[in-house]
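Each remark here refers to the structure printed beneath this line.
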Number of protein chains: 2
Amino acid sequence: MARCRLCRSERERTPAEIYLPAHRLPLCRKHFLSWFERYLERTIRTFRMFTRRERILVAVSGGKDSLTLWQALVNLGYEADGLFVYLGIEENSFSLLSRRAVEAMAERLGRPLHVVDMKSELGFTIPDLRRKTRKYCSMCGTVKRHYLNSLAKRLGYSVIVTGHNLDDEASSLLGNLLNWNLKYLSRKYPVLPAERGFVRKAKPLCRHYERDIRLYAELRRLPYLAESCPLSEEAIRPFYAELMDRLEERAPGTKLRFYLDYLRKALPLFAEHKEEFMERDLVVCERCGEPAVGSPCLVCRLREEFGGAGT
Amino acid sequence: MARCRLCRSERERTPAEIYLPAHRLPLCRKHFLSWFERYLERTIRTFRMFTRRERILVAVSGGKDSLTLWQALVNLGYEADGLFVYLGIEENSFSLLSRRAVEAMAERLGRPLHVVDMKSELGFTIPDLRRKTRKYCSMCGTVKRHYLNSLAKRLGYSVIVTGHNLDDEASSLLGNLLNWNLKYLSRKYPVLPAERGFVRKAKPLCRHYERDIRLYAELRRLPYLAESCPLSEEAIRPFYAELMDRLEERAPGTKLRFYLDYLRKALPLFAEHKEEFMERDLVVCERCGEPAVGSPCLVCRLREEFGGAGT
C-alpha cells in the first residue's frame, strides 16, 4: 500500500488508506482531514470569500455537504452560525430528521442555529405548495434564498455560505453549456459580492469532490442525514451528473479542471456581456423590502395566495 | 403509420417510412431526398458558404459523408469537383477501395476527380509515417489539408468543402468545451473566409445528422465505402460522440440546438478574443508557398525527413 504523502518523517509514514485520484494524493486518515480543511482554507483565500473577522451564516439542510462545511469552517476558526428552514416535509419524516441533524450539529459545535419555520412564517409548507403547483421545487429554492438573505441582513451576517460541491458545480456547468444558458454562464462565480440588496454569497466547497466530503463527514462522525429530499423531482440534473461521472472515471481530475478552467478562462469572456443577459431588472419588494424581479416578490405573493390554505 | 408531411394533396399522402425526430418530420422516401437537399441548400445560403457561380472542390474520402455531399451539391446544380488523396493504406485494402469508391462516384456524376498520390508527391505513405511517429493521425490531416489548399488555389477553385456532419461538429464542440480549448471555440464557424493564403472552407453538412446522411447515401445507392480508416486511433472522439448520442436519445434535437445556439449565441463572444488565442503567427513556407505556422511547413519537413524512406 502507498504511504501517506503528508506524514513527515520516514518513521511516521503510515500506510495511506485514502487515495485522492484527482490530486494523485495518498493520505492517511488523519492527514486526509487536515488536507481537507487546508484545501478549504485555500479556496476561501483564492476567491477572497470572507475573513475570520466576518460573521458567516451557513445554510444548513442536515445533509453531508452543509454539515461538513459548518464543521470545517468552525475547525478553521471561522465565526460560522447555522440557518435551517423547516419545510414541513412529512414523507420519511424528512424535515423532522433534518432538523434533528442540524440541531445535533449546532450542539456539537456550540454555535447558534437559527430556525425558520415556513408554516408559521408563510402559512403553508412545501407539501401544501406541491398540492397547488408543479413548480414547488424551484419555489422551495426561492423561499430558502429569501429567508437566508433577509435573516443575514437582519442579524448582521456579512456572508451567506452554501454547501455546493464540485460535482454540483461541474454538472450544472455542463447542463448550462449544453443549453447555452448565458445568463447563468456569465455569473457562475463561487463568490458573489453584496449588491443591490443581496448579502455576499459564497460556495467554499466548490473545489471539493462530493466523494471526499462524504468521507470527511463519515470520518468526523457528523450527525448528517443521508437521505435526499423525497419530493425532489429534478430528473435532468442527475443525467448531467452521470455524464460528468463517466468523464471523471475515464480521467480523474476532469471535473476539477473543467470547472477551474471555466472560472479562469471562459467566465471572464461571458462576464463581459453579463448585463445583456439579465432579462429583467431587480426591484425592491414593496411588502418585505427584499430585492426581487417584481413587486410584490414571489414569496410575498405566495404568502397571500396560499397562506393558510394548508391549515 | 404517420403520413408524409410533404405529399401535397390528400390523395397523394403516402405513408411516411421515414421519421426525423429532431425535426418532428414524417416523410416518404421521395420527399426525404428532396427535403435533404433543400435543407442543404438552406444551410449553404444561411451561412453564405458559396454560390452557383463559384467552382467548388469537394474533399472526398470515399465515405458516406463526402460522397453524399458531392451528390447533393451536383443535384442542386452546383459546379462541384472532387479531390481524393491516395494515402497508401493497404490494411483491408482501405486506400484502394476508397479510390474505387470515389472514381465510381465521379463517373456517376460526370464530374472531374483530382487524385493526389501521397507516395509520388512526398515519397512516403501513411503506413510509412506510422512506422516513424505516433502522431501520424494528425499529420495525415495536415497533409490532406495541405493538398486541398494548394490544389484549390492552383486549379482556381473558390471554396473547399468537407463532409463534416452535425454529429462530428456537436461532439467536437463538446470535447473542446470540456477542455476549454478557446482557440478552437473562437473560430469553429462552418465557413471560414479566404485569408492569409487559405482558400475559403465550408462544411455544408454541418446541420445534417449522420443518420440522415447514411439514409440518403443508401436511398441514392451511392457507391460509398462503409469501413472507416483501419489505422485510426482516435480513442477520445468516440467517447464525446457517445455522450452526445445519449443526450440526443433523451431529447431529440439536442445536438442541433446545442450546435446552432453555440454559433448564434456563444461563438460571437469567444470570437471577440480570437486574436489572443492564436498562439503562433502564420508565415509563408519558403519551399512550397503555403501558409503554415513555421517555415519550412510540416509537409515540406516531412518530405525531407521521411521522403523515400519507405521505398
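The chains in the C-alpha cells are called A, B, ... from first to last as shown; in each chain the residues are counted from 1, and the ligands are counted from 1 in the order shown.
Near chain B, within 7 Å and using only C-alpha atoms, the residues of chain A are Leu178, Asn179, Trp180, Leu243, Phe258, Asp261, Tyr262, Leu269 and Phe270 of chain A.
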Identify, with DSSP run on backbone atoms, the residues in segment 49-179 of chain A assigned to alpha helix (DSSP H), and express the list as a ChimeraX atom specification. /A:64-75,94-109,118-122,126-132,136-155,166-178
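Excluding Ser93 of chain A and any residue on its chain fewer than 5 positions from it, the residues at most 10 Å away by only C-alpha atoms are Gly88, Ser98 and Pro230 of chain A.
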Hey, can you spit out that residue selection with all heavy atoms as a compact mmCIF listing (two decimals), in the first residue's frame?
# COMPACT_ATOMS: atom_id res chain seq x y z
N GLY A 88 -41.46 21.45 6.50
CA GLY A 88 -42.70 20.70 6.79
C GLY A 88 -42.93 19.48 5.92
O GLY A 88 -44.08 19.10 5.66
N SER A 98 -34.16 16.05 9.46
CA SER A 98 -33.20 17.07 9.04
C SER A 98 -32.97 18.06 10.17
O SER A 98 -31.85 18.44 10.49
CB SER A 98 -33.73 17.83 7.81
OG SER A 98 -33.94 16.95 6.74
N PRO A 230 -37.35 13.64 -0.37
CA PRO A 230 -38.23 12.66 -1.02
C PRO A 230 -39.16 13.29 -2.06
O PRO A 230 -39.76 12.58 -2.86
CB PRO A 230 -39.03 12.07 0.14
CG PRO A 230 -39.03 13.14 1.18
CD PRO A 230 -37.71 13.85 1.04
Would you pick out the contacts of segment 298-305 of chain A at 7 Å or less, using only C-alpha atoms, so that residues sharing its chain but fewer than 3 positions from it are not included, and give the list as a PyMOL selection string? chain A and resi 122-123+143+287
Take the residues just selected and output them with C-alpha atoms as a short mmCIF file (atom, residue, chain, number, x, y, z; two decimals), in the first residue's frame.
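Final output, saved to selection03.cif:
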data_model
loop_
_atom_site.label_atom_id
_atom_site.label_comp_id
_atom_site.auth_asym_id
_atom_site.auth_seq_id
_atom_site.Cartn_x
_atom_site.Cartn_y
_atom_site.Cartn_z
CA LEU A 122 -45.79 31.92 5.35
CA GLY A 123 -48.85 29.97 6.43
CA VAL A 143 -38.19 30.62 -0.34
CA ARG A 287 -44.01 44.35 1.14
#
Neighbours of Phe47 of chain B within 10 Å (only C-alpha atoms; same-chain residues fewer than 6 positions away dropped), as a ChimeraX atom specification? /B:189-191,202-204
